[in-house]
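Report on the following structure.
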Amino acid sequence: MLSVSFEGRGRVFRELMNRASRFPVSVLSSTLLSRCSGGYVPAVVRRGEIQPAGLLNVGFVSLQRIDGSKAKIACVLRESEVTDLISPYALPFCEFDARNRCLKALKAVASLPETAGGFVGIAGSAAMEVVTGLPYTNDESDLDVIIRDRDMKGISEAYMNLMQIGQQYGVSIDIEVQLKNGYGIKASELFIGSYTLLGKSLFDVQLLERTAVVNLLQN
């Protein structure tokens with residue numbers, strides 16, 4: 001996630017208004033321009049077409065729902081408008097109110113030795129709530145977890161620990177493994193024996209051969 005300057009937010013807001021965005025003005029203004037306890041709603045780097053140097057594909061996720069889903073406001077930022085990077089691996093250690101099952105599960109994840117070692121991070125609605133202090137999650141929310149820099153044995157151990165936490169709190173935990181080649185894969189797919197694994201990067205989606213993935217995790 002990215003912290004964005006108020007000037008950058010204002011530019012994005014004006015551009016969306018000028019091109020008659022499908023989102024209501026109230027949603028755009030509250031997401032882009034309104035302060036919250038954590039400052040402002042951060043931008044999330046997203047997959048998209050390759051941009052010229054100095055431009056980034058991002059999205060802002062609104063707290064308000066449209067047709068039952070949180071609005072995802074896609075746009076392009078200038079690098080000069082980014083004021084800070086927010087690492088998913090720092091978020092488990094931030095202060096937050098464990099007010100529902102999803103966030104209680106996150107508290108438990110934060111206590112794992114893998115998390116303490118900097119190998120486990122969070123994304124999705126839980127990450128948004130930790131950063132902003134706004135109620136992005138509820139008792140039905142999934143907890144999105146990312147694992148990095150672990151071999152197959154380490155991933156298996158972390159996976160089992162996370163699954164136990166999910167069962168304890170009645171929360172679905174979606175685990176992604178970051179590979180050194182820039183792709184992410186679902187941890188559950190590592191253990192089902194398929195010949196290929198679906199890999200997602202910031203630029204594309206590809207089927208990766210299992211043997212290549214295993215080699216990346218061993219090196």
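Simple scheme: letters A, B, ... for chains in structure tokens order, numbers from 1 for residues in each chain, numbers from 1 for ligands in the order shown.
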
> Can you list every residue in stretch 26-182 of chain A that DSSP puts in strand (DSSP E), as a PyMOL selection string?
Replying inline: chain A and resi 44-45+55-66+69-78+82-85+120-123+143-147+173-178

Resulting file, chosen residues, C-alpha atoms, as a CSV table (one decimal), in the first residue's frame:
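Output file out_25.csv follows:
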```
chain,number,residue,atom,x,y,z
A,44,VAL,CA,-3.2,-0.2,-3.2
A,45,VAL,CA,-0.8,-1.1,-6.1
A,55,LEU,CA,3.4,6.3,-13.3
A,56,LEU,CA,1.8,3.6,-11.1
A,57,ASN,CA,-1.4,1.6,-11.4
A,58,VAL,CA,-3.2,1.9,-8.1
A,59,GLY,CA,-6.7,1.7,-6.7
A,60,PHE,CA,-8.5,3.2,-3.7
A,61,VAL,CA,-11.0,1.0,-1.8
A,62,SER,CA,-14.0,2.8,-0.3
A,63,LEU,CA,-15.6,2.0,3.0
A,64,GLN,CA,-19.0,2.5,1.4
A,65,ARG,CA,-20.6,-0.4,-0.6
A,66,ILE,CA,-22.1,-0.1,-4.0
A,69,SER,CA,-19.4,-4.5,-2.7
A,70,LYS,CA,-16.8,-2.0,-1.6
A,71,ALA,CA,-16.1,0.4,-4.4
A,72,LYS,CA,-12.6,-0.1,-6.0
A,73,ILE,CA,-11.5,3.1,-7.6
A,74,ALA,CA,-8.8,2.4,-10.2
A,75,CYS,CA,-6.5,5.2,-11.2
A,76,VAL,CA,-2.9,6.1,-12.1
A,77,LEU,CA,-0.6,7.9,-9.6
A,78,ARG,CA,2.6,9.8,-10.3
A,82,VAL,CA,3.7,8.9,-3.2
A,83,THR,CA,4.9,10.0,0.3
A,84,ASP,CA,5.5,6.6,1.9
A,85,LEU,CA,5.3,2.8,1.4
A,120,VAL,CA,4.1,-13.2,7.3
A,121,GLY,CA,2.2,-10.1,6.3
A,122,ILE,CA,-1.4,-9.1,5.8
A,123,ALA,CA,-3.4,-7.6,2.9
A,143,LEU,CA,-8.1,-12.7,6.5
A,144,ASP,CA,-5.6,-12.3,3.6
A,145,VAL,CA,-2.1,-13.4,4.5
A,146,ILE,CA,1.1,-13.2,2.6
A,147,ILE,CA,4.2,-15.4,3.2
A,173,ILE,CA,-7.6,-17.4,5.9
A,174,ASP,CA,-6.5,-16.9,2.3
A,175,ILE,CA,-2.7,-17.5,2.1
A,176,GLU,CA,-0.5,-16.3,-0.8
A,177,VAL,CA,3.2,-17.2,-1.2
A,178,GLN,CA,5.4,-14.5,-2.7
```

Using only C-alpha atoms, determine which residues lie at most 12 Å from A:Val171, disregarding the query and same-chain residues fewer than 6 positions distant; provide the list as a PDB file with all heavy atoms, in the first residue's frame.
```pdb
ATOM      1  N   ASN A 100     -13.679  -7.986  16.030  1.00  0.00           N
ATOM      2  CA  ASN A 100     -14.461  -9.052  15.411  1.00  0.00           C
ATOM      3  C   ASN A 100     -13.573 -10.286  15.206  1.00  0.00           C
ATOM      4  O   ASN A 100     -12.382 -10.273  15.539  1.00  0.00           O
ATOM      5  CB  ASN A 100     -15.079  -8.574  14.081  1.00  0.00           C
ATOM      6  CG  ASN A 100     -14.038  -8.050  13.103  1.00  0.00           C
ATOM      7  OD1 ASN A 100     -12.944  -8.609  12.985  1.00  0.00           O
ATOM      8  ND2 ASN A 100     -14.365  -6.982  12.392  1.00  0.00           N
ATOM      9  N   ARG A 101     -14.149 -11.343  14.659  1.00  0.00           N
ATOM     10  CA  ARG A 101     -13.408 -12.601  14.519  1.00  0.00           C
ATOM     11  C   ARG A 101     -12.196 -12.455  13.603  1.00  0.00           C
ATOM     12  O   ARG A 101     -11.132 -13.037  13.871  1.00  0.00           O
ATOM     13  CB  ARG A 101     -14.336 -13.695  13.987  1.00  0.00           C
ATOM     14  CG  ARG A 101     -15.383 -14.128  14.996  1.00  0.00           C
ATOM     15  CD  ARG A 101     -16.190 -15.298  14.496  1.00  0.00           C
ATOM     16  NE  ARG A 101     -16.896 -14.969  13.249  1.00  0.00           N
ATOM     17  CZ  ARG A 101     -17.719 -15.789  12.626  1.00  0.00           C
ATOM     18  NH1 ARG A 101     -17.946 -17.000  13.114  1.00  0.00           N
ATOM     19  NH2 ARG A 101     -18.335 -15.421  11.522  1.00  0.00           N
ATOM     20  N   CYS A 102     -12.359 -11.698  12.524  1.00  0.00           N
ATOM     21  CA  CYS A 102     -11.247 -11.512  11.586  1.00  0.00           C
ATOM     22  C   CYS A 102     -10.048 -10.868  12.270  1.00  0.00           C
ATOM     23  O   CYS A 102      -8.906 -11.336  12.132  1.00  0.00           O
ATOM     24  CB  CYS A 102     -11.717 -10.650  10.409  1.00  0.00           C
ATOM     25  SG  CYS A 102     -10.418 -10.234   9.225  1.00  0.00           S
ATOM     26  N   LEU A 103     -10.296  -9.822  13.057  1.00  0.00           N
ATOM     27  CA  LEU A 103      -9.199  -9.104  13.700  1.00  0.00           C
ATOM     28  C   LEU A 103      -8.663  -9.853  14.924  1.00  0.00           C
ATOM     29  O   LEU A 103      -7.483  -9.724  15.259  1.00  0.00           O
ATOM     30  CB  LEU A 103      -9.655  -7.695  14.068  1.00  0.00           C
ATOM     31  CG  LEU A 103     -10.016  -6.826  12.853  1.00  0.00           C
ATOM     32  CD1 LEU A 103     -10.572  -5.479  13.303  1.00  0.00           C
ATOM     33  CD2 LEU A 103      -8.830  -6.629  11.937  1.00  0.00           C
ATOM     34  N   LYS A 104      -9.496 -10.654  15.560  1.00  0.00           N
ATOM     35  CA  LYS A 104      -8.997 -11.513  16.630  1.00  0.00           C
ATOM     36  C   LYS A 104      -8.049 -12.562  16.055  1.00  0.00           C
ATOM     37  O   LYS A 104      -7.017 -12.890  16.660  1.00  0.00           O
ATOM     38  CB  LYS A 104     -10.157 -12.173  17.366  1.00  0.00           C
ATOM     39  CG  LYS A 104     -10.942 -11.212  18.258  1.00  0.00           C
ATOM     40  CD  LYS A 104     -12.162 -11.893  18.871  1.00  0.00           C
ATOM     41  CE  LYS A 104     -12.953 -10.884  19.719  1.00  0.00           C
ATOM     42  NZ  LYS A 104     -14.203 -11.473  20.247  1.00  0.00           N
ATOM     43  N   ALA A 105      -8.415 -13.081  14.882  1.00  0.00           N
ATOM     44  CA  ALA A 105      -7.514 -14.032  14.219  1.00  0.00           C
ATOM     45  C   ALA A 105      -6.203 -13.353  13.851  1.00  0.00           C
ATOM     46  O   ALA A 105      -5.124 -13.953  13.975  1.00  0.00           O
ATOM     47  CB  ALA A 105      -8.191 -14.596  12.975  1.00  0.00           C
ATOM     48  N   LEU A 106      -6.278 -12.097  13.425  1.00  0.00           N
ATOM     49  CA  LEU A 106      -5.059 -11.364  13.094  1.00  0.00           C
ATOM     50  C   LEU A 106      -4.164 -11.191  14.318  1.00  0.00           C
ATOM     51  O   LEU A 106      -2.933 -11.303  14.214  1.00  0.00           O
ATOM     52  CB  LEU A 106      -5.408 -10.003  12.487  1.00  0.00           C
ATOM     53  CG  LEU A 106      -4.230  -9.077  12.193  1.00  0.00           C
ATOM     54  CD1 LEU A 106      -3.184  -9.750  11.315  1.00  0.00           C
ATOM     55  CD2 LEU A 106      -4.722  -7.780  11.544  1.00  0.00           C
ATOM     56  N   ALA A 108      -3.876 -13.273  16.685  1.00  0.00           N
ATOM     57  CA  ALA A 108      -3.219 -14.570  16.866  1.00  0.00           C
ATOM     58  C   ALA A 108      -2.115 -14.767  15.841  1.00  0.00           C
ATOM     59  O   ALA A 108      -1.040 -15.295  16.164  1.00  0.00           O
ATOM     60  CB  ALA A 108      -4.254 -15.688  16.769  1.00  0.00           C
ATOM     61  N   VAL A 109      -2.357 -14.330  14.609  1.00  0.00           N
ATOM     62  CA  VAL A 109      -1.331 -14.430  13.564  1.00  0.00           C
ATOM     63  C   VAL A 109      -0.106 -13.614  13.958  1.00  0.00           C
ATOM     64  O   VAL A 109       1.040 -14.022  13.732  1.00  0.00           O
ATOM     65  CB  VAL A 109      -1.894 -13.958  12.211  1.00  0.00           C
ATOM     66  CG1 VAL A 109      -0.776 -13.818  11.170  1.00  0.00           C
ATOM     67  CG2 VAL A 109      -2.957 -14.920  11.705  1.00  0.00           C
ATOM     68  N   THR A 137     -13.606  -4.377   8.089  1.00  0.00           N
ATOM     69  CA  THR A 137     -13.874  -5.804   8.287  1.00  0.00           C
ATOM     70  C   THR A 137     -15.117  -6.014   9.137  1.00  0.00           C
ATOM     71  O   THR A 137     -15.592  -5.103   9.828  1.00  0.00           O
ATOM     72  CB  THR A 137     -12.695  -6.495   8.987  1.00  0.00           C
ATOM     73  OG1 THR A 137     -12.565  -5.979  10.315  1.00  0.00           O
ATOM     74  CG2 THR A 137     -11.400  -6.282   8.220  1.00  0.00           C
ATOM     75  N   ASN A 138     -15.630  -7.253   9.078  1.00  0.00           N
ATOM     76  CA  ASN A 138     -16.691  -7.675   9.978  1.00  0.00           C
ATOM     77  C   ASN A 138     -16.464  -9.149  10.325  1.00  0.00           C
ATOM     78  O   ASN A 138     -15.444  -9.733   9.935  1.00  0.00           O
ATOM     79  CB  ASN A 138     -18.075  -7.443   9.359  1.00  0.00           C
ATOM     80  CG  ASN A 138     -18.222  -8.130   8.006  1.00  0.00           C
ATOM     81  OD1 ASN A 138     -17.830  -9.291   7.832  1.00  0.00           O
ATOM     82  ND2 ASN A 138     -18.787  -7.426   7.033  1.00  0.00           N
ATOM     83  N   ASP A 139     -17.394  -9.748  11.040  1.00  0.00           N
ATOM     84  CA  ASP A 139     -17.218 -11.143  11.467  1.00  0.00           C
ATOM     85  C   ASP A 139     -17.155 -12.118  10.296  1.00  0.00           C
ATOM     86  O   ASP A 139     -16.671 -13.243  10.456  1.00  0.00           O
ATOM     87  CB  ASP A 139     -18.369 -11.553  12.393  1.00  0.00           C
ATOM     88  CG  ASP A 139     -18.061 -11.252  13.854  1.00  0.00           C
ATOM     89  OD1 ASP A 139     -16.875 -11.198  14.211  1.00  0.00           O
ATOM     90  OD2 ASP A 139     -19.012 -11.088  14.637  1.00  0.00           O
ATOM     91  N   GLU A 140     -17.651 -11.705   9.137  1.00  0.00           N
ATOM     92  CA  GLU A 140     -17.655 -12.590   7.973  1.00  0.00           C
ATOM     93  C   GLU A 140     -16.442 -12.379   7.067  1.00  0.00           C
ATOM     94  O   GLU A 140     -16.297 -13.082   6.061  1.00  0.00           O
ATOM     95  CB  GLU A 140     -18.941 -12.366   7.163  1.00  0.00           C
ATOM     96  CG  GLU A 140     -20.224 -12.481   7.969  1.00  0.00           C
ATOM     97  CD  GLU A 140     -20.312 -13.779   8.742  1.00  0.00           C
ATOM     98  OE1 GLU A 140     -19.989 -14.835   8.162  1.00  0.00           O
ATOM     99  OE2 GLU A 140     -20.690 -13.740   9.930  1.00  0.00           O
ATOM    100  N   SER A 141     -15.584 -11.434   7.391  1.00  0.00           N
ATOM    101  CA  SER A 141     -14.453 -11.106   6.523  1.00  0.00           C
ATOM    102  C   SER A 141     -13.405 -12.210   6.516  1.00  0.00           C
ATOM    103  O   SER A 141     -13.125 -12.832   7.547  1.00  0.00           O
ATOM    104  CB  SER A 141     -13.791  -9.801   6.982  1.00  0.00           C
ATOM    105  OG  SER A 141     -14.677  -8.715   6.868  1.00  0.00           O
ATOM    106  N   ASP A 142     -12.839 -12.454   5.339  1.00  0.00           N
ATOM    107  CA  ASP A 142     -11.669 -13.322   5.240  1.00  0.00           C
ATOM    108  C   ASP A 142     -10.440 -12.566   5.734  1.00  0.00           C
ATOM    109  O   ASP A 142     -10.425 -11.331   5.747  1.00  0.00           O
ATOM    110  CB  ASP A 142     -11.426 -13.741   3.790  1.00  0.00           C
ATOM    111  CG  ASP A 142     -12.541 -14.613   3.246  1.00  0.00           C
ATOM    112  OD1 ASP A 142     -13.360 -15.096   4.039  1.00  0.00           O
ATOM    113  OD2 ASP A 142     -12.591 -14.786   2.012  1.00  0.00           O
ATOM    114  N   LEU A 143      -9.407 -13.300   6.110  1.00  0.00           N
ATOM    115  CA  LEU A 143      -8.131 -12.702   6.464  1.00  0.00           C
ATOM    116  C   LEU A 143      -7.120 -13.080   5.384  1.00  0.00           C
ATOM    117  O   LEU A 143      -6.845 -14.264   5.169  1.00  0.00           O
ATOM    118  CB  LEU A 143      -7.664 -13.207   7.832  1.00  0.00           C
ATOM    119  CG  LEU A 143      -6.324 -12.663   8.341  1.00  0.00           C
ATOM    120  CD1 LEU A 143      -6.348 -11.146   8.429  1.00  0.00           C
ATOM    121  CD2 LEU A 143      -5.976 -13.279   9.693  1.00  0.00           C
ATOM    122  N   ASP A 144      -6.607 -12.082   4.674  1.00  0.00           N
ATOM    123  CA  ASP A 144      -5.648 -12.303   3.587  1.00  0.00           C
ATOM    124  C   ASP A 144      -4.232 -12.206   4.135  1.00  0.00           C
ATOM    125  O   ASP A 144      -3.827 -11.169   4.669  1.00  0.00           O
ATOM    126  CB  ASP A 144      -5.856 -11.267   2.481  1.00  0.00           C
ATOM    127  CG  ASP A 144      -7.226 -11.396   1.830  1.00  0.00           C
ATOM    128  OD1 ASP A 144      -7.536 -12.499   1.372  1.00  0.00           O
ATOM    129  OD2 ASP A 144      -7.976 -10.409   1.793  1.00  0.00           O
ATOM    130  N   LEU A 162      -1.510 -21.271  10.490  1.00  0.00           N
ATOM    131  CA  LEU A 162      -2.551 -20.332  10.065  1.00  0.00           C
ATOM    132  C   LEU A 162      -3.903 -21.023   9.945  1.00  0.00           C
ATOM    133  O   LEU A 162      -4.940 -20.454  10.318  1.00  0.00           O
ATOM    134  CB  LEU A 162      -2.156 -19.685   8.738  1.00  0.00           C
ATOM    135  CG  LEU A 162      -0.974 -18.701   8.818  1.00  0.00           C
ATOM    136  CD1 LEU A 162      -0.434 -18.402   7.426  1.00  0.00           C
ATOM    137  CD2 LEU A 162      -1.401 -17.410   9.511  1.00  0.00           C
ATOM    138  N   MET A 163      -3.921 -22.248   9.428  1.00  0.00           N
ATOM    139  CA  MET A 163      -5.173 -22.989   9.331  1.00  0.00           C
ATOM    140  C   MET A 163      -5.762 -23.259  10.713  1.00  0.00           C
ATOM    141  O   MET A 163      -6.980 -23.194  10.913  1.00  0.00           O
ATOM    142  CB  MET A 163      -4.945 -24.295   8.578  1.00  0.00           C
ATOM    143  CG  MET A 163      -4.688 -24.133   7.075  1.00  0.00           C
ATOM    144  SD  MET A 163      -6.066 -23.362   6.164  1.00  0.00           S
ATOM    145  CE  MET A 163      -5.522 -21.650   6.101  1.00  0.00           C
ATOM    146  N   GLN A 164      -4.910 -23.540  11.687  1.00  0.00           N
ATOM    147  CA  GLN A 164      -5.386 -23.768  13.051  1.00  0.00           C
ATOM    148  C   GLN A 164      -6.017 -22.500  13.621  1.00  0.00           C
ATOM    149  O   GLN A 164      -7.046 -22.559  14.299  1.00  0.00           O
ATOM    150  CB  GLN A 164      -4.239 -24.249  13.932  1.00  0.00           C
ATOM    151  CG  GLN A 164      -3.794 -25.673  13.641  1.00  0.00           C
ATOM    152  CD  GLN A 164      -2.586 -26.095  14.451  1.00  0.00           C
ATOM    153  OE1 GLN A 164      -2.065 -25.326  15.264  1.00  0.00           O
ATOM    154  NE2 GLN A 164      -2.126 -27.326  14.250  1.00  0.00           N
ATOM    155  N   ILE A 165      -5.402 -21.358  13.340  1.00  0.00           N
ATOM    156  CA  ILE A 165      -5.970 -20.082  13.799  1.00  0.00           C
ATOM    157  C   ILE A 165      -7.317 -19.837  13.130  1.00  0.00           C
ATOM    158  O   ILE A 165      -8.288 -19.406  13.774  1.00  0.00           O
ATOM    159  CB  ILE A 165      -4.988 -18.924  13.517  1.00  0.00           C
ATOM    160  CG1 ILE A 165      -3.782 -19.032  14.446  1.00  0.00           C
ATOM    161  CG2 ILE A 165      -5.674 -17.564  13.678  1.00  0.00           C
ATOM    162  CD1 ILE A 165      -2.672 -18.052  14.135  1.00  0.00           C
TER     163      ILE A 165
END
```

> Looking at only C-alpha atoms, which of A:Gln168, A:Gln206, A:Thr211, A:Ser156 is the one that sits closest to A:Ala187?
Replying inline: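 Ranked by minimum distance to A:Ala187, first place goes to A:Ser156.
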
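Once A:Leu16 and its same-chain neighbours fewer than 4 positions away are set aside, Arg9, Gly10, Arg11, Val12, Ala20, Ser21, Arg22, Phe23, Pro24, Val25, Val27, Leu28, Ser29, Leu32, Ile73, Ala74, Cys75 and Val76 of chain A remain within 12 Å of it when counting only C-alpha atoms.
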
>> as a ChimeraX atom specification, please: every residue in stretch 17-205 of chain A that DSSP puts in alpha helix (DSSP H).
In response: /A:17-18,25-32,101-110,113-116,124-132,152-169,187-190

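The coordinates place atom CA of A:Asn161 at 9.5 Å from atom CA of A:Glu114.
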
> To one decimal place, how far is atom CA of A:Ile50 from atom CA of A:Glu79 in Å?
Replying inline: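 These atoms are spaced 14.2 Å apart.
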
>> Env of A:Val214: 9 Å cut, atoms = only C-alpha atoms, seq-sep filter 4 positions within chain, self excluded. Answer as an NGL selection string.
In response: :A and (151-152 or 190 or 209-210 or 218-219)

>> When you count only C-alpha atoms, which of these residues is closest to A:Phe96: A:Ser125, A:Thr132, A:Thr115, A:Ser80?
In response: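 Between A:Ser125, A:Thr132, A:Thr115, A:Ser80, the residue approaching A:Phe96 most closely is A:Thr132.
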
>> So, with only C-alpha atoms as the atoms that count, which of A:Ser3, A:Ala98, A:Val41, A:Gly154 lies closest to A:Tyr169?
In response: A:Ala98

> Between A:Leu2, A:Leu198, A:Leu217, A:Leu207, which is the closest to A:Arg46 once you count only C-alpha atoms?
Replying inline: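 Checking each candidate against A:Arg46, we get A:Leu2 as the closest.
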
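Pairwise distance (atom CA of A:Ser194, atom CA of A:Gly182) equals 20.7 Å.
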
>> Given only C-alpha atoms as the basis, pick out the residue of A:Ile185, A:Ala158, A:Ala43, A:Ala212 nearest to A:Gly124.
In response: A:Ala43

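Counting only C-alpha atoms and comparing A:Phe13, A:Tyr89, A:Tyr159, A:Phe191, the residue that lies closest to A:Ser30 is A:Phe13.
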
> Skipping near chain neighbours, those fewer than 3 positions away, what residues fall within 9 Å of A:Leu134 using only C-alpha atoms, listed as a PyMOL selection string?
Replying inline: chain A and resi 36-38+63+128-131+137
